[in-house]
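query_27.txt follows (compact mmCIF, C-alpha atoms):
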```
# COMPACT_ATOMS: atom_id res chain seq x y z
CA MET B 14 -11.72 56.54 100.95
CA ILE B 15 -14.80 56.76 103.12
CA ARG B 16 -17.73 58.03 101.14
CA GLU B 17 -19.47 60.11 103.76
CA GLN B 18 -22.29 61.54 101.78
CA TYR B 19 -24.22 60.83 98.66
CA GLN B 20 -27.64 61.50 97.30
CA PHE B 21 -30.19 59.51 95.41
CA ALA B 22 -31.54 62.20 93.19
CA SER B 23 -33.87 59.90 91.27
CA ASP B 24 -36.13 59.27 94.29
CA PRO B 25 -39.44 61.09 94.32
CA PRO B 26 -39.47 64.30 96.37
CA ALA B 27 -42.33 63.16 98.62
CA CYS B 28 -40.06 60.53 100.17
CA LEU B 29 -39.03 60.55 103.81
CA GLY B 30 -35.49 61.96 103.78
CA ILE B 31 -33.03 60.17 106.04
CA LEU B 32 -29.50 60.96 107.21
CA ILE B 33 -27.67 57.91 108.58
CA VAL B 34 -25.14 58.62 111.34
CA SER B 35 -22.75 55.87 112.38
CA GLU B 36 -19.01 55.51 112.86
CA VAL B 37 -19.13 52.11 111.18
CA ARG B 38 -18.89 52.39 107.42
CA PHE B 39 -20.38 48.94 106.78
CA LEU B 40 -23.41 49.88 108.88
CA ARG B 41 -23.90 53.22 107.11
CA GLU B 42 -23.60 51.79 103.62
CA SER B 43 -25.57 48.61 104.17
CA LEU B 44 -28.38 50.50 105.94
CA ALA B 45 -28.50 52.94 103.02
CA GLU B 46 -28.62 50.02 100.59
CA ILE B 47 -31.51 48.41 102.49
CA LEU B 48 -33.49 51.57 103.23
CA GLN B 49 -33.37 52.90 99.70
CA ARG B 50 -35.21 49.78 98.56
CA ALA B 51 -38.23 50.99 100.55
CA PRO B 52 -40.68 52.86 98.31
CA CYS B 53 -40.98 56.09 100.29
CA ILE B 54 -37.54 56.53 101.77
CA GLN B 55 -34.78 58.68 100.36
CA VAL B 56 -31.35 58.34 101.95
CA ARG B 57 -30.02 61.87 101.73
CA GLY B 58 -26.64 61.35 103.30
CA LEU B 59 -24.29 59.34 105.46
CA SER B 60 -22.21 60.77 108.28
CA ALA B 61 -19.36 59.25 110.25
CA THR B 62 -18.67 62.18 112.55
CA LEU B 63 -20.81 64.52 114.64
CA GLY B 64 -19.45 67.57 112.81
CA HIS B 65 -20.39 66.09 109.47
CA ALA B 66 -23.78 65.03 110.79
CA LEU B 67 -24.56 68.52 112.09
CA ALA B 68 -23.50 70.12 108.81
CA SER B 69 -25.39 67.55 106.73
CA ALA B 70 -28.54 67.86 108.80
CA ALA B 71 -28.46 71.63 108.40
CA THR B 72 -27.92 71.53 104.63
CA LEU B 73 -29.74 68.36 103.53
CA ARG B 74 -32.74 68.98 105.83
CA PRO B 75 -33.68 65.32 106.31
CA GLU B 76 -36.94 64.51 108.05
CA ILE B 77 -35.14 61.80 110.04
CA VAL B 78 -31.63 61.45 111.44
CA LEU B 79 -31.04 57.75 112.08
CA LEU B 80 -28.40 57.67 114.83
CA ASP B 81 -26.50 54.49 115.68
CA VAL B 82 -26.63 54.21 119.49
CA ALA B 83 -23.00 53.07 119.47
CA PHE B 84 -21.99 56.47 118.10
CA PRO B 85 -19.52 58.29 120.42
CA GLY B 86 -21.30 60.48 122.95
CA GLY B 87 -24.50 58.44 122.76
CA THR B 88 -27.39 60.39 124.25
CA GLN B 89 -25.34 63.61 124.36
CA THR B 90 -24.83 63.37 120.63
CA ALA B 91 -28.56 62.87 120.20
CA ALA B 92 -29.24 65.95 122.34
CA ARG B 93 -26.83 68.04 120.26
CA LEU B 94 -28.47 66.91 117.02
CA CYS B 95 -31.94 67.58 118.42
CA ALA B 96 -30.92 71.09 119.49
CA ALA B 97 -29.14 71.90 116.25
CA VAL B 98 -31.91 70.76 113.92
CA PRO B 99 -35.12 70.88 115.95
CA GLU B 100 -37.28 70.43 112.85
CA THR B 101 -35.64 67.05 112.21
CA SER B 102 -36.63 63.91 114.11
CA VAL B 103 -33.70 62.06 115.61
CA VAL B 104 -34.28 58.30 115.76
CA ALA B 105 -31.96 56.13 117.84
CA LEU B 106 -31.03 52.88 116.13
CA ALA B 107 -30.54 49.62 118.04
CA VAL B 108 -31.61 50.76 121.50
CA ALA B 109 -31.51 48.12 124.23
CA GLU B 110 -35.05 48.23 125.63
CA THR B 111 -34.33 48.64 129.32
CA GLU B 112 -36.37 51.28 131.15
CA GLU B 113 -33.32 53.34 132.12
CA ASN B 114 -31.89 53.25 128.64
CA VAL B 115 -35.08 54.24 126.83
CA LEU B 116 -35.71 57.06 129.35
CA ALA B 117 -32.18 58.36 128.83
CA TRP B 118 -32.66 58.48 125.06
CA ALA B 119 -36.13 60.00 125.44
CA GLU B 120 -34.74 62.73 127.69
CA ALA B 121 -32.09 63.46 125.08
CA GLY B 122 -34.95 64.53 122.84
CA ILE B 123 -35.25 61.70 120.32
CA ALA B 124 -38.50 61.34 118.39
CA GLY B 125 -38.38 57.57 118.62
CA TYR B 126 -36.16 54.53 118.65
CA VAL B 127 -35.63 51.26 116.85
CA PRO B 128 -35.00 48.49 119.41
CA ASN B 129 -31.91 46.34 119.07
CA THR B 130 -34.15 43.31 118.74
CA ALA B 131 -35.87 44.66 115.60
CA SER B 132 -35.14 43.01 112.31
CA VAL B 133 -33.65 45.08 109.52
CA ASP B 134 -36.67 43.92 107.50
CA ASP B 135 -38.88 46.05 109.77
CA LEU B 136 -36.61 49.09 109.80
CA ALA B 137 -38.33 51.08 107.05
CA SER B 138 -41.79 50.57 108.55
CA LEU B 139 -40.58 51.43 112.08
CA VAL B 140 -38.94 54.64 110.83
CA GLY B 141 -42.16 55.45 108.95
CA GLN B 142 -44.19 54.99 112.13
CA ILE B 143 -41.87 57.25 114.11
CA SER B 144 -42.10 59.94 111.43
CA ARG B 145 -45.88 59.88 111.96
CA GLY B 146 -45.37 60.41 115.69
CA GLU B 147 -45.92 56.78 116.66
CA GLN B 148 -43.71 54.51 118.72
CA THR B 149 -44.19 50.84 119.40
CA CYS B 150 -42.73 49.84 122.74
CA PRO B 151 -43.28 47.27 125.50
CA SER B 152 -45.93 48.20 128.06
CA ARG B 153 -43.35 48.39 130.88
CA ILE B 154 -41.46 51.06 128.89
CA ALA B 155 -44.69 52.99 128.27
CA GLY B 156 -45.40 52.78 132.01
CA SER B 157 -41.96 54.17 132.85
CA LEU B 158 -42.39 57.04 130.42
CA LEU B 159 -45.77 57.92 131.93
CA ARG B 160 -44.34 57.84 135.46
CA ARG B 161 -41.44 60.06 134.37
CA VAL B 162 -43.78 62.59 132.74
CA ALA B 163 -45.99 62.59 135.84
CA ALA B 164 -42.98 63.09 138.12
CA SER B 165 -41.62 65.95 136.03
CA GLY B 166 -44.98 67.74 136.11
CA ALA B 167 -45.73 67.05 139.78
CA GLY B 168 -43.69 69.93 141.23
CA SER B 169 -45.14 72.65 139.04
CA GLY B 170 -48.75 71.51 139.13
CA THR B 171 -48.99 72.61 135.52
CA ALA B 172 -49.05 70.88 132.20
CA MET B 173 -45.82 70.33 130.26
CA PRO B 174 -44.71 73.47 128.42
CA ARG B 175 -45.52 73.52 124.74
CA GLU B 176 -41.97 74.45 123.80
CA PRO B 177 -38.57 73.75 125.35
CA PRO B 178 -37.51 76.69 127.52
CA LEU B 179 -34.97 79.20 126.26
CA THR B 180 -31.69 79.58 128.10
CA ARG B 181 -30.91 83.00 129.57
CA ARG B 182 -28.48 83.67 126.72
CA GLU B 183 -31.06 82.68 124.10
CA ASN B 184 -33.63 84.90 125.81
CA GLU B 185 -31.15 87.77 125.79
CA ILE B 186 -30.44 87.24 122.09
CA LEU B 187 -34.13 86.89 121.32
CA HIS B 188 -34.78 90.33 122.77
CA LEU B 189 -31.95 91.79 120.69
CA VAL B 190 -33.45 90.10 117.62
CA GLY B 191 -36.68 91.76 118.67
CA GLU B 192 -34.93 95.12 118.54
CA GLY B 193 -34.05 94.37 114.93
CA LEU B 194 -30.33 93.82 115.48
CA SER B 195 -28.38 91.72 112.97
CA ASN B 196 -26.23 88.75 114.06
CA LYS B 197 -23.16 90.93 113.66
CA ASP B 198 -24.64 93.65 115.87
CA ILE B 199 -25.73 91.12 118.49
CA ALA B 200 -22.27 89.54 118.49
CA ARG B 201 -20.70 92.98 119.02
CA ARG B 202 -23.21 93.91 121.76
CA LEU B 203 -22.62 90.66 123.70
CA SER B 204 -18.90 90.35 122.91
CA ILE B 205 -19.33 86.92 121.36
CA SER B 206 -18.47 85.61 117.89
CA VAL B 207 -20.86 85.86 114.97
CA GLY B 208 -20.75 82.06 114.68
CA THR B 209 -21.86 81.65 118.29
CA THR B 210 -24.61 84.21 117.74
CA LYS B 211 -25.82 82.36 114.65
CA SER B 212 -25.88 79.12 116.62
CA HIS B 213 -27.93 80.71 119.44
CA VAL B 214 -30.34 82.27 116.92
CA HIS B 215 -30.73 78.94 115.11
CA ASN B 216 -31.45 77.15 118.40
CA LEU B 217 -33.94 79.69 119.68
CA LEU B 218 -35.82 79.76 116.37
CA GLY B 219 -36.10 75.99 116.66
CA LYS B 220 -37.29 76.15 120.26
CA LEU B 221 -39.89 78.75 119.34
CA SER B 222 -40.94 76.62 116.35
CA VAL B 223 -40.53 79.55 114.00
CA LEU B 224 -38.60 79.66 110.76
CA ARG B 225 -37.72 83.35 110.48
CA ARG B 226 -36.35 86.14 112.65
CA THR B 227 -39.40 88.25 111.90
CA GLU B 228 -41.61 85.60 113.51
CA ALA B 229 -39.29 85.61 116.52
CA MET B 230 -39.55 89.41 116.66
CA MET B 231 -43.33 89.08 116.75
CA ARG B 232 -42.95 86.71 119.68
CA VAL B 233 -40.83 89.30 121.48
CA HIS B 234 -43.44 91.98 120.93
CA ALA B 235 -46.11 89.59 122.19
CA ALA B 236 -44.01 88.90 125.25
CA ARG B 237 -43.63 92.62 125.92
CA GLN B 238 -47.40 92.89 125.93
CA GLY B 239 -47.52 90.49 128.83
CA ILE B 240 -47.06 87.03 127.35
CA ASP B 241 -44.22 85.40 129.24
CA ILE B 242 -41.47 83.65 127.29
CA PRO B 243 -40.16 80.84 129.48
CA HIS B 244 -36.47 80.59 130.24
CA THR B 245 -34.28 78.31 132.34
CA MET O 8 -26.73 27.10 91.24
CA ARG O 9 -25.11 26.00 94.47
CA ARG O 10 -25.37 28.53 97.25
CA PHE O 11 -22.35 28.68 99.50
CA ARG O 12 -22.99 28.09 103.19
CA ALA O 13 -21.76 30.64 105.69
CA VAL O 14 -21.59 30.74 109.47
CA LEU O 15 -21.31 33.94 111.49
CA VAL O 16 -19.41 33.69 114.76
CA THR O 17 -19.80 36.33 117.51
CA VAL O 18 -21.18 38.95 115.14
CA PRO O 19 -23.41 41.51 116.95
CA PRO O 20 -27.16 41.20 116.12
CA LEU O 21 -27.66 44.34 114.00
CA LEU O 22 -24.46 43.72 112.09
CA SER O 23 -25.31 40.07 111.45
CA ASP O 24 -28.71 41.13 110.14
CA LEU O 25 -27.06 43.61 107.78
CA ILE O 26 -24.45 41.08 106.64
CA ARG O 27 -27.23 38.58 105.97
CA HIS O 28 -29.08 41.14 103.84
CA VAL O 29 -26.02 42.14 101.87
CA LEU O 30 -24.82 38.60 101.25
CA THR O 31 -28.16 37.07 100.37
CA SER O 32 -29.01 39.87 97.95
CA ARG O 33 -25.62 40.27 96.33
CA ALA O 34 -23.78 36.96 96.69
CA ALA O 35 -24.74 33.35 96.16
CA LEU O 36 -24.47 32.67 99.83
CA VAL O 37 -26.77 31.56 102.61
CA ILE O 38 -26.09 31.97 106.31
CA VAL O 39 -26.80 28.60 107.93
CA ALA O 40 -25.95 29.48 111.52
CA GLU O 41 -24.99 32.29 113.83
CA LEU O 42 -22.85 31.24 116.76
CA THR O 43 -22.79 33.66 119.64
CA ASP O 44 -21.06 31.63 122.30
CA ARG O 45 -17.32 31.94 121.85
CA PRO O 46 -16.07 29.00 123.94
CA SER O 47 -18.40 26.51 122.28
CA ALA O 48 -18.14 27.83 118.72
CA TYR O 49 -15.59 25.30 117.50
CA ALA O 50 -17.64 22.11 117.79
CA PRO O 51 -20.64 23.40 115.77
CA LEU O 52 -18.24 24.80 113.18
CA TRP O 53 -16.74 21.38 112.76
CA ALA O 54 -20.19 19.81 112.45
CA LEU O 55 -21.58 22.41 110.04
CA ALA O 56 -18.47 22.47 107.86
CA PRO O 57 -19.44 25.78 106.19
CA ASP O 58 -17.80 27.16 103.06
CA VAL O 59 -17.43 30.59 104.66
CA ILE O 60 -16.82 31.61 108.28
CA ILE O 61 -17.13 35.26 109.30
CA ILE O 62 -15.79 36.01 112.76
CA GLY O 63 -17.01 39.15 114.50
CA PRO O 64 -15.37 41.27 117.18
CA ALA O 65 -15.47 39.73 120.61
CA GLY O 66 -16.09 42.81 122.72
CA GLY O 67 -14.07 42.56 125.90
CA ALA O 68 -13.80 38.78 125.75
CA PRO O 69 -11.01 36.82 124.08
CA PRO O 70 -11.73 36.66 120.35
CA VAL O 71 -12.18 33.47 118.40
CA ASP O 72 -8.80 32.75 116.88
CA ALA O 73 -9.31 32.87 113.11
CA ALA O 74 -6.39 30.49 112.63
CA LEU O 75 -8.13 27.67 114.48
CA PRO O 76 -11.26 27.44 112.26
CA HIS O 77 -8.91 27.66 109.30
CA ALA O 78 -6.90 24.73 110.61
CA MET O 79 -10.06 22.75 111.48
CA LEU O 80 -11.67 23.35 108.09
CA PRO O 81 -8.88 23.99 105.59
CA GLY O 82 -11.36 24.32 102.73
CA ALA O 83 -13.32 27.07 104.46
CA PHE O 84 -12.93 30.73 103.60
CA VAL O 85 -12.31 32.44 106.95
CA LEU O 86 -12.79 36.20 107.38
CA ALA O 87 -12.55 38.21 110.59
CA LEU O 88 -13.75 41.70 111.43
CA SER O 89 -11.48 44.08 113.32
CA ALA O 90 -12.58 45.13 116.80
CA ASP O 91 -13.55 48.62 115.59
CA LEU O 92 -15.47 47.12 112.64
CA THR O 93 -13.48 49.15 110.13
CA ARG O 94 -11.42 46.34 108.58
CA LEU O 95 -11.99 42.96 107.02
CA LEU O 96 -9.12 40.60 107.79
CA GLY O 97 -8.31 37.57 105.68
CA PRO O 98 -8.51 35.04 104.28
CA GLY O 99 -4.74 35.39 103.88
CA GLU O 100 -2.64 36.62 106.79
CA ASP O 101 -1.72 39.85 105.04
CA GLU O 102 -5.08 40.52 103.42
CA ILE O 103 -6.74 43.52 105.03
CA GLU O 104 -9.44 45.63 103.44
CA ALA O 105 -11.86 48.29 104.54
CA PHE O 106 -15.02 46.61 105.80
CA THR O 107 -17.79 47.70 103.45
CA PRO O 108 -20.65 45.90 101.70
CA ASN O 109 -18.73 46.09 98.43
CA THR O 110 -15.46 44.69 99.78
CA LEU O 111 -17.26 41.90 101.64
CA VAL O 112 -19.11 40.81 98.50
CA ALA O 113 -15.99 41.21 96.34
CA CYS O 114 -13.93 39.20 98.80
CA LEU O 115 -16.41 36.34 98.74
CA SER O 116 -16.72 36.44 94.96
CA ARG O 117 -13.03 35.72 94.35
```
Write-out of the structure in structure tokens:
Amino acid sequence: MIREQYQFASDPPACLGILIVSEVRFLRESLAEILQRAPCIQVRGLSATLGHALASAATLRPEIVLLDVAFPGGTQTAARLCAAVPETSVVALAVAETEENVLAWAEAGIAGYVPNTASVDDLASLVGQISRGEQTCPSRIAGSLLRRVAASGAGSGTAMPREPPLTRRENEILHLVGEGLSNKDIARRLSISVGTTKSHVHNLLGKLSVLRRTEAMMRVHAARQGIDIPHT
Amino acid sequence: MRRFRAVLVTVPPLLSDLIRHVLTSRAALVIVAELTDRPSAYAPLWALAPDVIIIGPAGGAPPVDAALPHAMLPGAFVLALSADLTRLLGPGEDEIEAFTPNTLVACLSR
């Protein structure tokens, strides 16, 4: 039987919590075995499917999701994880360091990547660096990233937005949250399921970098006083 | 204590690194070579005469036939990984196990 999830309760709480996501059981288990030897890493769970990964990330609240790049869906899977648990850093494991490839993963929203040329010996330190907001990469990759950022900002003539924009639906739900409606009421008002509503609320809270609905409500009130909330 | 000598054939880089870690920490085994070129894998295997041969998936290319290294080196313990990396095949024709660190170590400890 595939053991998809286990915890190492004896690790100290200050450790960097990691969820390993890979279809390959050997990879999941051997990575866990190697990473848990590192002093400040706590492997919180192992996932073989996207559904399990999304559920585990939501409940185990790891600081890092280590995603095998060979996982089905690739960058789309990374984007889904990033959207579902915005407070968690998704790190792509074993990325081929071509400019196109790194840009594709970066645009999916990953916090960093471990190149496919990295030794497993360096894995813990690379993940630690990424968790501190650092990324070691070849200068040609850094150049490509800079050019891409410049190109994406060129049309607007403005700096990059501080937060990812809300979709129209999320904006609509945000305003209903602002009116004090519950998920059930919002679902009824928009003729969508409560589950879908919860998912939208979860995503918009993440995009607004707030933890509670009350904080989101405050944002709505601020917006009504003239502060624009961006949407796509 | 004698450490058994292993050769990895066509095992992808990350996987070979992980196998090396698992085997060196949990089994009395040292990986003496990693052969990545399928067509020319047989001659070095003959020369190295390892105790253990682990054959990885071959991607889209024709895989190394596990039977041939076995015939070349009858004393060698030959294992092959399934294409989807879920199963460990061998050393006997009917021996198939889930590919995990535990089963790999257990298999080599027999």
Subject >> Top pick for closest residue to chain B, considering O:Val112, O:Ile60, O:Leu22, O:Val14 and counting all atoms listed in the file >> reply: O:Leu22
**OP:** May I have the residues within 10 Å of Arg94 in chain O as a list in words, using all atoms listed in the file and disregarding those fewer than 6 positions away in the same chain?
**Re:**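 Neighbouring residues, sequence-local ones excluded: Val37, Arg38 and Phe39 of chain B; Ala87, Leu88, Ile103, Glu104, Ala105, Phe106, Thr107 and Thr110 of chain O.
Ranking B:Leu63, B:Val108, B:Val34, B:Ile54 by their shortest atom-to-atom distance to chain O, with all atoms listed in the file included, puts B:Val108 first.
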**OP:** Find the residue from O:Ala34, O:Ala74, O:Val85, O:Val29 that sits nearest to chain B; use all atoms listed in the file when measuring.
**Re:** O:Val29
Original post:
Smallest atom-to-atom distance to Arg225 in chain B: which of B:Ile154, B:Val190, B:Ile143, B:Ile123, using all atoms listed in the file?
Top reply: B:Val190
Subject >> Top pick for closest residue to chain O, considering B:Ala92, B:Ala200, B:Ile47, B:Val162 and counting all atoms listed in the file >> reply: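 Among the listed residues, B:Ile47 lies closest to chain O.
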Original post:
Which chain B residues are at most 12 Å from chain O (counting only C-alpha atoms), as a PyMOL selection string?
Top reply: chain B and resi 14-16+35-48+50+61+81-84+106-109+127-136
Original post:
Hey, which of B:Gln49, B:Thr101, B:Ser152, B:Ser60 ends up closest to Gly219 in chain B? Count all atoms listed in the file.
Top reply: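 Selected residue with least distance to Gly219 in chain B: B:Thr101.
Residues in contact range of Tyr49 in chain O, defined as at most 9 Å between all atoms listed in the file, with sequence neighbours fewer than 4 positions away removed, read O:Arg45, O:Trp53, O:Ala54, O:Val71, O:Leu75, O:Pro76, O:Met79.
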